[in-house]
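With PDB, C-alpha atoms inside, this is model-v4.pdb:
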ATOM      1  CA  LEU A   1      16.791 -50.478  10.363
ATOM      2  CA  VAL A   2      19.040 -52.777   8.348
ATOM      3  CA  ASP A   3      22.521 -51.720   7.288
ATOM      4  CA  CYS A   4      23.492 -51.812   3.636
ATOM      5  CA  PRO A   5      25.174 -55.130   2.714
ATOM      6  CA  LEU A   6      27.617 -53.238   0.463
ATOM      7  CA  GLY A   7      28.797 -51.114   3.337
ATOM      8  CA  GLY A   8      27.273 -48.020   4.841
ATOM      9  CA  GLY A   9      24.370 -47.286   7.101
ATOM     10  CA  PRO A  10      20.589 -47.524   6.831
ATOM     11  CA  GLU A  11      20.410 -44.306   4.803
ATOM     12  CA  GLN A  12      22.523 -45.813   2.017
ATOM     13  CA  ALA A  13      20.378 -48.955   2.052
ATOM     14  CA  VAL A  14      17.222 -46.855   1.636
ATOM     15  CA  PHE A  15      18.652 -44.876  -1.280
ATOM     16  CA  ILE A  16      19.900 -48.023  -3.021
ATOM     17  CA  LEU A  17      16.441 -49.559  -2.648
ATOM     18  CA  LEU A  18      14.812 -46.427  -4.098
ATOM     19  CA  PHE A  19      17.285 -46.429  -6.993
ATOM     20  CA  LEU A  20      16.528 -50.049  -7.823
ATOM     21  CA  LEU A  21      12.780 -49.406  -7.697
ATOM     22  CA  PHE A  22      13.165 -46.410 -10.006
ATOM     23  CA  ILE A  23      15.264 -48.326 -12.535
ATOM     24  CA  SER A  24      12.798 -51.235 -12.495
ATOM     25  CA  SER A  25       9.843 -48.917 -13.073
ATOM     26  CA  LEU A  26      11.676 -47.141 -15.892
ATOM     27  CA  CYS A  27      12.508 -50.394 -17.659
ATOM     28  CA  VAL A  28       8.959 -51.710 -17.326
ATOM     29  CA  THR A  29       7.579 -48.452 -18.724
ATOM     30  CA  MET A  30       9.964 -48.399 -21.692
ATOM     31  CA  PHE A  31       9.323 -51.992 -22.776
ATOM     32  CA  THR A  32       5.605 -52.367 -22.040
ATOM     33  CA  ALA A  33       3.943 -48.964 -22.468
ATOM     34  CA  LYS A  34       3.148 -48.320 -26.127
ATOM     35  CA  GLU A  35       1.006 -45.521 -27.449
ATOM     36  CA  ASN A  36       0.118 -44.333 -30.939
ATOM     37  CA  ALA A  37       0.006 -40.583 -31.279
ATOM     38  CA  SER A  38      -3.258 -39.146 -32.563
ATOM     39  CA  GLY A  39      -3.133 -38.474 -36.271
ATOM     40  CA  ASP A  40      -0.249 -40.873 -36.797
ATOM     41  CA  LYS A  41      -0.273 -42.583 -40.180
ATOM     42  CA  ASP A  42       0.482 -45.924 -38.583
ATOM     43  CA  SER A  43      -2.345 -45.666 -36.037
ATOM     44  CA  GLN A  44      -4.675 -47.685 -38.264
ATOM     45  CA  LEU A  45      -2.258 -50.549 -38.769
ATOM     46  CA  PRO A  46      -2.980 -53.782 -36.906
ATOM     47  CA  THR A  47      -0.914 -54.519 -33.832
ATOM     48  CA  LEU A  48       1.571 -57.323 -34.392
ATOM     49  CA  LYS A  49       3.046 -59.545 -31.737
ATOM     50  CA  PRO A  50       6.751 -58.803 -31.459
ATOM     51  CA  SER A  51       9.010 -61.718 -32.255
ATOM     52  CA  ARG A  52      12.297 -62.467 -30.585
ATOM     53  CA  ARG A  53      14.183 -60.597 -33.295
ATOM     54  CA  SER A  54      11.939 -57.544 -32.865
ATOM     55  CA  ARG A  55      12.616 -57.550 -29.141
ATOM     56  CA  ILE A  56      16.320 -57.430 -29.836
ATOM     57  CA  SER A  57      15.809 -54.506 -32.206
ATOM     58  CA  ILE A  58      13.793 -52.713 -29.539
ATOM     59  CA  CYS A  59      16.643 -53.127 -27.084
ATOM     60  CA  GLU A  60      19.079 -51.794 -29.662
ATOM     61  CA  CYS A  61      17.023 -48.650 -30.292
ATOM     62  CA  VAL A  62      16.463 -47.777 -26.618
ATOM     63  CA  PRO A  63      19.090 -44.961 -26.642
ATOM     64  CA  GLY A  64      17.461 -43.498 -29.748
ATOM     65  CA  ALA A  65      14.021 -43.710 -28.129
ATOM     66  CA  CYS A  66      15.326 -41.949 -25.033
ATOM     67  CA  LEU A  67      16.844 -39.195 -27.163
ATOM     68  CA  HIS A  68      13.580 -38.837 -29.073
ATOM     69  CA  SER A  69      11.676 -38.519 -25.775
ATOM     70  CA  ILE A  70      14.059 -35.843 -24.509
ATOM     71  CA  VAL A  71      13.686 -33.823 -27.721
ATOM     72  CA  ALA A  72       9.903 -34.136 -27.593
ATOM     73  CA  PHE A  73       9.869 -33.005 -23.969
ATOM     74  CA  ALA A  74      12.078 -29.998 -24.782
ATOM     75  CA  ARG A  75       9.643 -28.961 -27.501
ATOM     76  CA  THR A  76       6.698 -29.049 -25.107
ATOM     77  CA  VAL A  77       8.362 -26.812 -22.493
ATOM     78  CA  PRO A  78       7.677 -23.502 -24.340
ATOM     79  CA  LYS A  79       4.048 -24.480 -24.866
ATOM     80  CA  GLY A  80       3.702 -25.375 -21.213
ATOM     81  CA  LEU A  81       5.112 -22.022 -20.104
ATOM     82  CA  THR A  82       2.850 -20.188 -22.538
ATOM     83  CA  SER A  83      -0.198 -22.030 -21.251
ATOM     84  CA  SER A  84       0.749 -21.091 -17.682
ATOM     85  CA  PHE A  85       1.059 -17.372 -18.429
ATOM     86  CA  ASP A  86      -1.927 -17.267 -20.800
ATOM     87  CA  ALA A  87      -4.138 -19.344 -18.518
ATOM     88  CA  PRO A  88      -7.805 -18.329 -18.371
ATOM     89  CA  PHE A  89      -9.167 -16.275 -15.497
ATOM     90  CA  VAL A  90     -10.642 -19.239 -13.631
ATOM     91  CA  LEU A  91      -7.422 -21.256 -13.876
ATOM     92  CA  LYS A  92      -5.280 -18.418 -12.536
ATOM     93  CA  ARG A  93      -7.385 -18.213  -9.401
ATOM     94  CA  LEU A  94      -7.216 -21.970  -8.995
ATOM     95  CA  GLN A  95      -3.440 -21.928  -9.482
ATOM     96  CA  VAL A  96      -3.003 -19.373  -6.680
ATOM     97  CA  ALA A  97      -5.102 -21.431  -4.281
ATOM     98  CA  HIS A  98      -3.290 -24.602  -5.352
ATOM     99  CA  PHE A  99       0.062 -22.961  -4.620
ATOM    100  CA  PHE A 100      -0.889 -21.933  -1.076
ATOM    101  CA  MET A 101      -2.456 -25.316  -0.322
ATOM    102  CA  TRP A 102       0.637 -27.250  -1.314
ATOM    103  CA  SER A 103       2.939 -24.710   0.324
ATOM    104  CA  ALA A 104       1.178 -25.366   3.624
ATOM    105  CA  LEU A 105       1.213 -29.144   3.136
ATOM    106  CA  PHE A 106       4.863 -29.284   2.069
ATOM    107  CA  CYS A 107       5.907 -27.049   4.947
ATOM    108  CA  TYR A 108       4.432 -29.723   7.187
ATOM    109  CA  THR A 109       5.487 -32.917   5.431
ATOM    110  CA  MET A 110       9.028 -31.870   4.468
ATOM    111  CA  PHE A 111      10.114 -30.685   7.914
ATOM    112  CA  PHE A 112       7.747 -32.391  10.342
ATOM    113  CA  SER A 113      10.093 -35.187  11.446
ATOM    114  CA  ASP A 114      12.836 -32.644  12.208
ATOM    115  CA  PHE A 115      10.354 -30.594  14.246
ATOM    116  CA  VAL A 116       9.293 -33.625  16.292
ATOM    117  CA  GLY A 117      12.875 -34.723  16.891
ATOM    118  CA  GLU A 118      14.030 -31.329  18.182
ATOM    119  CA  GLU A 119      10.975 -29.664  19.737
ATOM    120  CA  VAL A 120       8.879 -32.590  20.964
ATOM    121  CA  TYR A 121      11.634 -35.017  22.004
ATOM    122  CA  HIS A 122      14.277 -32.306  22.672
ATOM    123  CA  GLY A 123      16.957 -34.133  20.728
ATOM    124  CA  GLN A 124      19.898 -32.784  18.756
ATOM    125  CA  PRO A 125      20.559 -33.847  15.149
ATOM    126  CA  HIS A 126      24.252 -32.945  15.478
ATOM    127  CA  GLY A 127      24.795 -34.906  18.666
ATOM    128  CA  MET A 128      27.380 -37.653  18.883
ATOM    129  CA  ILE A 129      26.233 -41.050  17.694
ATOM    130  CA  GLY A 130      25.162 -43.021  20.749
ATOM    131  CA  SER A 131      24.622 -39.926  22.901
ATOM    132  CA  ASN A 132      21.335 -39.279  24.670
ATOM    133  CA  GLU A 133      20.610 -36.178  22.543
ATOM    134  CA  ARG A 134      21.085 -38.107  19.314
ATOM    135  CA  ARG A 135      19.000 -41.021  20.593
ATOM    136  CA  LEU A 136      16.119 -38.683  21.486
ATOM    137  CA  TYR A 137      16.304 -37.037  18.083
ATOM    138  CA  ASP A 138      16.165 -40.394  16.300
ATOM    139  CA  GLU A 139      13.133 -41.392  18.375
ATOM    140  CA  GLY A 140      11.474 -38.115  17.441
ATOM    141  CA  VAL A 141      12.176 -38.665  13.754
ATOM    142  CA  ARG A 142      10.586 -42.111  13.961
ATOM    143  CA  MET A 143       7.553 -40.638  15.728
ATOM    144  CA  GLY A 144       7.325 -37.938  13.054
ATOM    145  CA  SER A 145       7.430 -40.608  10.370
ATOM    146  CA  MET A 146       4.637 -42.408  12.201
ATOM    147  CA  GLY A 147       2.639 -39.178  12.131
ATOM    148  CA  LEU A 148       3.123 -38.900   8.369
ATOM    149  CA  LEU A 149       1.969 -42.514   8.010
ATOM    150  CA  ILE A 150      -1.181 -41.685   9.963
ATOM    151  CA  GLN A 151      -1.713 -38.699   7.668
ATOM    152  CA  CYS A 152      -1.617 -41.012   4.631
ATOM    153  CA  ILE A 153      -4.042 -43.456   6.259
ATOM    154  CA  THR A 154      -6.473 -40.627   7.046
ATOM    155  CA  ALA A 155      -6.156 -39.288   3.489
ATOM    156  CA  ALA A 156      -6.905 -42.720   2.048
ATOM    157  CA  ALA A 157      -9.952 -43.143   4.301
ATOM    158  CA  PHE A 158     -11.267 -39.660   3.481
ATOM    159  CA  SER A 159     -10.832 -40.264  -0.242
ATOM    160  CA  ILE A 160     -13.409 -43.049  -0.022
ATOM    161  CA  VAL A 161     -16.131 -40.723   1.284
ATOM    162  CA  MET A 162     -14.968 -37.506  -0.390
ATOM    163  CA  GLU A 163     -17.482 -37.768  -3.224
ATOM    164  CA  THR A 164     -20.332 -37.900  -0.703
ATOM    165  CA  VAL A 165     -18.943 -34.891   1.160
ATOM    166  CA  VAL A 166     -18.564 -32.894  -2.060
ATOM    167  CA  LYS A 167     -22.163 -33.634  -3.045
ATOM    168  CA  ARG A 168     -23.369 -32.305   0.293
ATOM    169  CA  ILE A 169     -21.282 -29.147   0.730
ATOM    170  CA  GLY A 170     -19.569 -28.577  -2.642
ATOM    171  CA  GLU A 171     -15.960 -28.455  -3.806
ATOM    172  CA  ARG A 172     -15.070 -25.061  -2.335
ATOM    173  CA  ARG A 173     -16.368 -25.797   1.151
ATOM    174  CA  THR A 174     -14.741 -29.223   1.145
ATOM    175  CA  LEU A 175     -11.375 -27.661   0.319
ATOM    176  CA  GLN A 176     -11.847 -24.886   2.876
ATOM    177  CA  LEU A 177     -12.922 -27.335   5.577
ATOM    178  CA  SER A 178      -9.859 -29.488   4.978
ATOM    179  CA  MET A 179      -7.528 -26.474   5.130
ATOM    180  CA  ALA A 180      -9.290 -25.194   8.257
ATOM    181  CA  LEU A 181      -8.643 -28.533   9.990
ATOM    182  CA  PHE A 182      -5.029 -28.389   8.817
ATOM    183  CA  THR A 183      -4.561 -24.861  10.190
ATOM    184  CA  ILE A 184      -6.141 -25.805  13.521
ATOM    185  CA  ALA A 185      -3.823 -28.818  13.794
ATOM    186  CA  MET A 186      -0.724 -26.710  13.088
ATOM    187  CA  THR A 187      -1.815 -24.031  15.574
ATOM    188  CA  ILE A 188      -2.290 -26.597  18.347
ATOM    189  CA  LEU A 189       1.116 -28.146  17.623
ATOM    190  CA  MET A 190       2.735 -24.733  18.041
ATOM    191  CA  PHE A 191       1.713 -24.671  21.713
ATOM    192  CA  VAL A 192       1.121 -28.308  22.732
ATOM    193  CA  LYS A 193       4.214 -30.345  21.865
ATOM    194  CA  THR A 194       3.581 -33.873  23.079
ATOM    195  CA  PRO A 195       3.858 -37.252  21.285
ATOM    196  CA  PHE A 196       0.128 -37.856  21.727
ATOM    197  CA  MET A 197      -0.717 -34.529  20.107
ATOM    198  CA  VAL A 198       1.653 -35.310  17.235
ATOM    199  CA  VAL A 199      -0.396 -38.402  16.412
ATOM    200  CA  MET A 200      -3.764 -36.692  16.823
ATOM    201  CA  MET A 201      -2.919 -33.589  14.794
ATOM    202  CA  SER A 202      -1.272 -35.631  12.054
ATOM    203  CA  SER A 203      -4.574 -37.392  11.502
ATOM    204  CA  LEU A 204      -6.294 -34.030  10.903
ATOM    205  CA  THR A 205      -3.849 -33.072   8.169
ATOM    206  CA  GLY A 206      -4.861 -36.068   6.069
ATOM    207  CA  PHE A 207      -8.097 -34.365   4.993
ATOM    208  CA  ALA A 208      -6.174 -31.519   3.343
ATOM    209  CA  ASN A 209      -3.804 -33.968   1.677
ATOM    210  CA  ALA A 210      -6.659 -35.942   0.126
ATOM    211  CA  ALA A 211      -8.563 -32.840  -1.008
ATOM    212  CA  ALA A 212      -5.526 -31.130  -2.555
ATOM    213  CA  ASN A 213      -4.648 -34.250  -4.540
ATOM    214  CA  SER A 214      -8.017 -34.585  -6.251
ATOM    215  CA  LEU A 215     -10.483 -31.681  -6.155
ATOM    216  CA  PRO A 216      -8.429 -29.039  -8.050
ATOM    217  CA  TYR A 217      -8.009 -31.454 -10.963
ATOM    218  CA  THR A 218     -11.722 -32.238 -10.833
ATOM    219  CA  LEU A 219     -12.414 -28.519 -11.237
ATOM    220  CA  VAL A 220     -10.093 -28.340 -14.252
ATOM    221  CA  GLY A 221     -12.071 -31.147 -15.858
ATOM    222  CA  ALA A 222     -15.320 -29.299 -15.094
ATOM    223  CA  TYR A 223     -13.922 -26.145 -16.704
ATOM    224  CA  HIS A 224     -13.104 -28.055 -19.874
ATOM    225  CA  GLU A 225     -16.566 -29.552 -20.117
ATOM    226  CA  LYS A 226     -17.935 -25.977 -20.427
ATOM    227  CA  ARG A 227     -14.916 -24.139 -21.739
ATOM    228  CA  GLU A 228     -17.097 -21.727 -23.761
ATOM    229  CA  ILE A 229     -18.500 -20.465 -20.445
ATOM    230  CA  PHE A 230     -15.573 -20.633 -18.025
ATOM    231  CA  PHE A 231     -12.662 -19.844 -20.350
ATOM    232  CA  ALA A 232     -14.433 -17.092 -22.318
ATOM    233  CA  PHE A 233     -15.456 -15.093 -19.247
ATOM    234  CA  GLU A 234     -13.077 -12.200 -19.886
ATOM    235  CA  GLY A 235     -13.138 -12.332 -23.678
ATOM    236  CA  PRO A 236     -13.179 -14.694 -26.643
ATOM    237  CA  LEU A 237     -11.122 -17.861 -26.487
ATOM    238  CA  THR A 238      -7.561 -17.413 -27.696
ATOM    239  CA  GLU A 239      -6.001 -19.865 -30.099
ATOM    240  CA  SER A 240      -3.672 -21.279 -27.419
ATOM    241  CA  VAL A 241      -6.551 -21.907 -25.014
ATOM    242  CA  ARG A 242      -8.748 -23.334 -27.755
ATOM    243  CA  SER A 243      -6.073 -25.785 -28.896
ATOM    244  CA  SER A 244      -4.976 -26.814 -25.388
ATOM    245  CA  GLY A 245      -6.411 -29.977 -23.940
ATOM    246  CA  VAL A 246      -7.243 -30.779 -20.360
ATOM    247  CA  GLY A 247      -3.805 -32.336 -19.858
ATOM    248  CA  VAL A 248      -2.054 -29.068 -20.699
ATOM    249  CA  HIS A 249      -4.048 -27.135 -18.118
ATOM    250  CA  MET A 250      -3.560 -29.826 -15.509
ATOM    251  CA  ALA A 251       0.176 -29.575 -16.180
ATOM    252  CA  ALA A 252      -0.084 -25.800 -15.761
ATOM    253  CA  LEU A 253      -1.788 -26.461 -12.421
ATOM    254  CA  ASP A 254       1.120 -28.705 -11.463
ATOM    255  CA  THR A 255       3.461 -25.727 -11.793
ATOM    256  CA  SER A 256       1.967 -24.447  -8.539
ATOM    257  CA  TYR A 257       2.711 -27.834  -6.954
ATOM    258  CA  PHE A 258       6.389 -27.785  -7.908
ATOM    259  CA  LEU A 259       6.766 -24.051  -7.304
ATOM    260  CA  ALA A 260       5.639 -24.598  -3.713
ATOM    261  CA  GLN A 261       8.457 -27.113  -3.200
ATOM    262  CA  ILE A 262      11.036 -24.792  -4.754
ATOM    263  CA  VAL A 263      10.013 -21.769  -2.680
ATOM    264  CA  LEU A 264       9.951 -23.688   0.602
ATOM    265  CA  SER A 265      13.273 -25.415  -0.076
ATOM    266  CA  ALA A 266      14.862 -22.052  -0.816
ATOM    267  CA  LEU A 267      13.430 -20.051   2.096
ATOM    268  CA  MET A 268      12.713 -22.275   5.095
ATOM    269  CA  GLY A 269      16.385 -22.809   5.946
ATOM    270  CA  TYR A 270      16.934 -19.051   6.223
ATOM    271  CA  ILE A 271      13.752 -18.587   8.258
ATOM    272  CA  VAL A 272      14.817 -21.217  10.802
ATOM    273  CA  HIS A 273      18.302 -19.678  10.923
ATOM    274  CA  ILE A 274      16.841 -16.247  11.692
ATOM    275  CA  THR A 275      14.307 -17.438  14.275
ATOM    276  CA  HIS A 276      16.661 -20.041  15.858
ATOM    277  CA  SER A 277      13.709 -22.423  16.281
ATOM    278  CA  VAL A 278      12.308 -25.266  14.197
ATOM    279  CA  THR A 279       8.847 -24.265  15.420
ATOM    280  CA  ALA A 280       9.019 -21.857  12.491
ATOM    281  CA  TYR A 281       8.169 -24.836  10.258
ATOM    282  CA  ILE A 282       4.802 -25.305  11.959
ATOM    283  CA  THR A 283       4.182 -21.566  12.250
ATOM    284  CA  CYS A 284       4.729 -21.050   8.528
ATOM    285  CA  ALA A 285       2.525 -24.046   7.758
ATOM    286  CA  ALA A 286      -0.291 -22.513   9.833
ATOM    287  CA  LEU A 287       0.079 -19.109   8.146
ATOM    288  CA  LEU A 288       0.121 -20.684   4.703
ATOM    289  CA  GLY A 289      -2.965 -22.671   5.662
ATOM    290  CA  VAL A 290      -4.765 -19.404   6.465
ATOM    291  CA  ALA A 291      -3.666 -17.962   3.108
ATOM    292  CA  ALA A 292      -4.917 -21.087   1.356
ATOM    293  CA  TYR A 293      -8.282 -20.874   3.119
ATOM    294  CA  PHE A 294      -8.919 -17.309   1.958
ATOM    295  CA  SER A 295      -7.555 -17.904  -1.548
ATOM    296  CA  LEU A 296      -9.973 -20.843  -1.899
ATOM    297  CA  ASN A 297     -12.807 -18.386  -1.307
ATOM    298  CA  ARG A 298     -11.978 -16.826  -4.702
ATOM    299  CA  ILE A 299     -11.925 -19.951  -6.870
ATOM    300  CA  ILE A 300     -14.699 -20.563  -9.400
ATOM    301  CA  VAL A 301     -16.699 -23.762  -8.979
ATOM    302  CA  SER A 302     -19.933 -23.012 -10.856
ATOM    303  CA  GLU A 303     -21.569 -20.680 -13.348
ATOM    304  CA  GLU A 304     -23.251 -18.846 -10.461
ATOM    305  CA  ASP A 305     -19.822 -17.712  -9.264
ATOM    306  CA  LEU A 306     -19.142 -16.155 -12.657
ATOM    307  CA  GLN A 307     -22.488 -14.372 -12.568
ATOM    308  CA  LYS A 308     -21.728 -12.968  -9.112
ATOM    309  CA  ILE A 309     -18.369 -11.649 -10.303
ATOM    310  CA  GLN A 310     -19.981 -10.118 -13.381
ATOM    311  CA  THR A 311     -22.680  -8.450 -11.261
ATOM    312  CA  SER A 312     -20.086  -7.160  -8.799
ATOM    313  CA  ARG A 313     -17.989  -5.671 -11.584
ATOM    314  CA  ALA A 314     -21.035  -4.047 -13.163
ATOM    315  CA  SER A 315     -22.048  -2.433  -9.872
ATOM    316  CA  THR A 316     -18.479  -1.254  -9.365
ATOM    317  CA  ARG A 317     -18.518   0.424 -12.782
ATOM    318  CA  VAL A 318     -21.858   2.107 -12.018
ATOM    319  CA  ASN A 319     -20.616   3.402  -8.671
ATOM    320  CA  SER A 320     -17.408   4.626 -10.273
ATOM    321  CA  SER A 321     -19.299   6.485 -13.007
ATOM    322  CA  ARG A 322     -21.619   8.045 -10.409
ATOM    323  CA  THR A 323     -18.645   9.171  -8.351
ATOM    324  CA  GLN A 324     -17.021  10.748 -11.382
ATOM    325  CA  GLY A 325     -20.302  12.489 -12.319
ATOM    326  CA  ASN A 326     -20.721  13.888  -8.820
ATOM    327  CA  ALA A 327     -17.126  15.100  -8.844
ATOM    328  CA  LYS A 328     -17.676  16.888 -12.178
ATOM    329  CA  LYS A 329     -20.872  18.526 -10.882
ATOM    330  CA  SER A 330     -19.084  19.654  -7.729
ATOM    331  CA  THR A 331     -16.235  21.110  -9.758
ATOM    332  CA  ALA A 332     -18.665  22.901 -12.089
ATOM    333  CA  GLY A 333     -20.573  24.322  -9.098
ATOM    334  CA  LYS A 334     -17.416  25.671  -7.509
ATOM    335  CA  SER A 335     -16.347  27.248 -10.805
ATOM    336  CA  HIS A 336     -19.784  28.954 -11.137
ATOM    337  CA  MET A 337     -19.540  30.344  -7.601
ATOM    338  CA  LEU A 338     -16.084  31.726  -8.246
ATOM    339  CA  THR A 339     -17.326  33.343 -11.478
ATOM    340  CA  SER A 340     -20.220  34.939  -9.642
ATOM    341  CA  VAL A 341     -17.927  36.329  -6.966
TER     342      VAL A 341
END
Here is a file; write its structure as structure tokens.
Amino acid sequence: LVDCPLGGGPEQAVFILLFLLFISSLCVTMFTAKENASGDKDSQLPTLKPSRRSRISICECVPGACLHSIVAFARTVPKGLTSSFDAPFVLKRLQVAHFFMWSALFCYTMFFSDFVGEEVYHGQPHGMIGSNERRLYDEGVRMGSMGLLIQCITAAAFSIVMETVVKRIGERRTLQLSMALFTIAMTILMFVKTPFMVVMMSSLTGFANAAANSLPYTLVGAYHEKREIFFAFEGPLTESVRSSGVGVHMAALDTSYFLAQIVLSALMGYIVHITHSVTAYITCAALLGVAAYFSLNRIIVSEEDLQKIQTSRASTRVNSSRTQGNAKKSTAGKSHMLTSV
């Protein structure tokens, strides 16, 4: 690693590099990305090439444009929260599964390098710089980072053939298979803590990463193509659901993504403190993987799933009414016997 030329260690150099990349991306987006809102009066006007003077005026109004963007974002927050709470039946089930999937993945990716440094290489993060414990921990962190790189490579390779896999076994089974492989990998790492196993098990987690990044959003798009069927399952479409586009519901699905990060960041430190072992990271990831697998069994992927749920509910109502009728007959019979006595 290279030290920062302005002073400081490799960590400061990395953060300065990330800051510069972020600022560059922000500037490119502000000056090149232009979009006319739908229904805008000026949307029919021809696009003119900006002159040098217009570029200067654009630079002068950047603070105003930023303020306008902040105000527009603040106005969309209430609608986003409303769409999350008033989400249709099928989206709520998908949101729950999405939450558990990303909770399992984040529990692995956020803390994996620390796990490898302490449990696999038996290093100490608080050791003195230059000591053997600190050196082992740094080697473990680098190996953990290598494992995460292998995960990304596996995810990229699986993304190429994912469409073929989905056509053969369907969206639900593809998601469940990926989470099953993830859970198996985490379970093996709990008991076999070797550098070779770190590399091998990291490759298995890439399938879940690729599936979680694409298939849930594909299902949201499928729901919107037949919203009269999927969204009106439990009643007529509400005005908020009818007026919401696919982007709003995808944003509502992203709440599960960010909520998983918030929950893990808030709780995992306390769990490790109580258990006194960083193996708790991998244990929690395996348990969350199991929860994700079973929650994926409840998501809706086709109209046949809705028909099965409707049939199951109808049979439940019939059985409930029969039970109540038998109870009333039994009560009436007992009352008649008491009257006779």
Task: Output of the PyMOL selection byres ((chain A and resi 281-298) around 9), listed as a count of residues only - done: 43
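Across the model, the gap from atom CA of Ser202 of chain A to atom CA of Gln151 of chain A is 5.4 Å.
Put simply, the PyMOL selection byres ((chain A and resi 121) around 9) on this file hits A:Val116, A:Gly117, A:Glu118, A:Glu119, A:Val120, A:His122, A:Gly123, A:Leu136, A:Tyr137, A:Glu139, A:Gly140, A:Lys193, A:Thr194, A:Pro195.
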Open item on the list: Evaluate the PyMOL selection byres ((chain A and resi 224-230) around 8) against this structure - the residues, as a ChimeraX atom specification, please.
Closed with: /A:90,220-223,231-233,237,246,303,306
Open item on the list: Which residue is closest to Phe258 of chain A? Choose from A:Gln124, A:Thr205, A:Gln95, A:Thr218 and count only C-alpha atoms.
Closed with: A:Gln95
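Going from atom CA of Leu91 of chain A to atom CA of Gly245 of chain A covers 13.4 Å.
The coordinates place atom CA of Ala13 of chain A at 29.0 Å from atom CA of Tyr257 of chain A.
The closest residue to Ala208 of chain A, picked from A:Gln261, A:Ala155, A:Leu17, A:Leu267 and counting all atoms listed in the file, is A:Ala155.
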